[in-house]
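A short worksheet on the structure shown next.
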Amino acid sequence: MTKSAFGRQSLRASALQALAVTTLLSLPALAADPIKIGAVLSASGPAAFLGDPEAKTLKIYVEELNKKGGVLGRQIELVLYDDGGDANKARTFATRLIEDDKVVAMVGGSTTGTTMAMIPVFEDAKVPFVSVAGAIEIIEPVRSFVFKTPHTDKTACEKIFEDMKARSLTKIGMISGTDGFGKSMRTQCLRVVKDYGITIVADESYGATDSDMTPQLNKIKNTAGLQAVVNPGFGQGPAIVTRNYGQLSIGLPLYQSHGVASKSFIDLAGPAAEGIRLPAPALLVADKLADADKQKAVVTAYKTSYEKAVGQPVSTFGGYAFDGIQLVVEAIQKAKGTDPQKIRDALEATKGYVGVTGIYTMSATDHLGLGTESFRMLEVRNGGWVEVGAR
């Protein structure tokens, strides 16, 4: 090879090397590692009516967010597992999210049982966990890295009793599910009921696999002075209670929990659902909200996006997941990075976040940030939901 040829080859090599260095320097901005957010949901099994819309919501949101450029110039990678409603599986998946997937935050826990099983994993790892389950035990006592988006069962009891008091209903019966949520809400109702001048004169329960609650409802029906009944529970149980309630022609106001706040409950309960009241987020009456309502734009946008993508009616359970992922993404933006501790701190500092479930303001002593004012009291009329009473 001649000197001139060797020189030309060296120049080409130098130019290629410089180009490679320039390309490598530009890669982080174009193809930075994704931000991993975990999710463990009951997308199948007995709690699929909760987990399925939650999983679909997270997938839709992450896909839309990534199309817009992601967060902090990075794509979001949703690492999602289906626990089938099994608490042991949930804990196993939670451990996998921490040890193998290296997530920076977690949104999930469709049920109280699966959530409680996962809490120690995230607390020990110091990774923020935003639950989408209902019981107050999830956030009371406050745990440093645990938050949640649905109203608590205690708040639901308070909203129901506020409405009962306004209707001068003072002697009531209660029939509760024996699942984690049902037992927890029953306990919370018993704790606060006297604050409203209401007495529980009958107190019955049913199992998760029971298919007929007529015996328990007959006992309640025959209790002297009875004026109304409340059913703490979720899943198919409350629909069976409602159908049996109608068959027995009890004819008194029946209240359900926010655990059945979806169109599927009305479909399962059938005509007996007419007149049922329950506390629920604004999402179920999105099309009926006043233009001045602070939540209208948010709930309408979520409802439209979900129903267009899925082809099914929106549910409050998917809304809990939507608020959860939104809060985590907002916290990552405020933290300006993926340090789990900083994300946790940003979550705790949430102030006035307008979600589909309510307007959240959290603090060191409140890792939910919603009160009774964020609930709407709804009633089933003509097979649909309408808002009743004063807020």
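Every chain in the structure tokens has a letter given in the order shown (A, B, ...), and although residue numbers restart at 1 in each chain, ligands are simply numbered from 1 in the order shown.
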Next on the checklist: as a PyMOL selection string, please: every residue in region 200-387 of chain A that DSSP puts in strand (DSSP E).
Outcome noted: chain A and resi 200-206+228-231+254-256+277-280+353-354+359-360+376-381+384-387
Would you give me, as CSV, each residue of region 90-193 of chain A having an atom within 7 Å of an atom of region 315-324 of chain A, along with its shortest atom pair and that distance in Å to one decimal, using only C-alpha atoms and sorting by chain and residue number?
residue,atom,partner,partner_atom,distance
A:Val107,CA,A:Gly324,CA,6.0
A:Val130,CA,A:Gly324,CA,6.1
A:Val132,CA,A:Tyr320,CA,5.6
A:Thr149,CA,A:Tyr320,CA,5.6
A:Pro150,CA,A:Tyr320,CA,5.8
Next on the checklist: Give me, as an MDAnalysis selection string, the residues of region 120-355 of chain A that a backbone DSSP run labels alpha helix (DSSP H).
Outcome noted: chainID A and resid 120:125 153:166 180:192 214:221 237:247 263:269 296:310 316:335 340:348
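You can rank A:Val388, A:Ala117, A:Leu50, A:Ala202 by their closest distance to Ala133 (chain A) using only C-alpha atoms, and at the top of that list sits A:Leu50.
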Next on the checklist: Give me, as a VMD selection string, all polymer residues having an atom no more than 10 Å from Asp163 (chain A), counting only C-alpha atoms and skipping those fewer than 2 positions away in the same chain.
Outcome noted: chain A and resid 158 to 161 165 to 169 196 255 277 to 279 377 388 to 391
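With only C-alpha atoms taken into account, the protein and nucleic acid residues at most 12 Å from Asn222 (chain A) (excluding it and anything under 3 positions from it in its own chain) are Gly173, Val201, Ala202, Pro215, Gln216, Leu217, Asn218, Lys219, Gly225, Leu226, Gln227, Leu248 and Ile250 of chain A.
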For the selection just defined, write its residues with N, CA and C atoms to a file, as a compact mmCIF listing (two decimals), in the first residue's frame.
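File written: again-v6.txt
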# COMPACT_ATOMS: atom_id res chain seq x y z
N GLY A 173 -80.83 -2.07 58.85
CA GLY A 173 -80.26 -3.41 58.86
C GLY A 173 -79.01 -3.42 58.01
N VAL A 201 -80.14 -2.29 63.72
CA VAL A 201 -81.03 -3.17 64.48
C VAL A 201 -80.97 -4.62 63.99
N ALA A 202 -80.29 -4.85 62.86
CA ALA A 202 -80.11 -6.22 62.34
C ALA A 202 -78.77 -6.27 61.62
N PRO A 215 -82.65 -16.25 53.44
CA PRO A 215 -82.81 -16.45 54.89
C PRO A 215 -82.35 -15.24 55.70
N GLN A 216 -81.18 -14.70 55.34
CA GLN A 216 -80.66 -13.54 56.08
C GLN A 216 -81.57 -12.32 55.89
N LEU A 217 -82.04 -12.13 54.67
CA LEU A 217 -82.89 -10.97 54.39
C LEU A 217 -84.25 -11.10 55.06
N ASN A 218 -84.73 -12.32 55.21
CA ASN A 218 -86.00 -12.52 55.92
C ASN A 218 -85.87 -12.11 57.38
N LYS A 219 -84.72 -12.44 57.99
CA LYS A 219 -84.48 -12.03 59.38
C LYS A 219 -84.48 -10.51 59.48
N GLY A 225 -89.17 -2.08 63.48
CA GLY A 225 -88.70 -0.71 63.32
C GLY A 225 -87.76 -0.48 62.15
N LEU A 226 -87.48 -1.50 61.39
CA LEU A 226 -86.52 -1.38 60.27
C LEU A 226 -86.97 -0.32 59.26
N GLN A 227 -86.01 0.55 58.84
CA GLN A 227 -86.34 1.62 57.89
C GLN A 227 -85.51 1.57 56.61
N LEU A 248 -88.48 -10.57 47.90
CA LEU A 248 -89.14 -10.56 49.21
C LEU A 248 -90.03 -9.33 49.41
N ILE A 250 -89.40 -6.31 50.18
CA ILE A 250 -89.11 -5.61 51.45
C ILE A 250 -89.56 -4.16 51.38
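If you measure from each of A:Val229, A:Ala239, A:Ile325, A:Ala32 to Met213 (chain A) using only C-alpha atoms, the closest one turns out to be A:Ala239.
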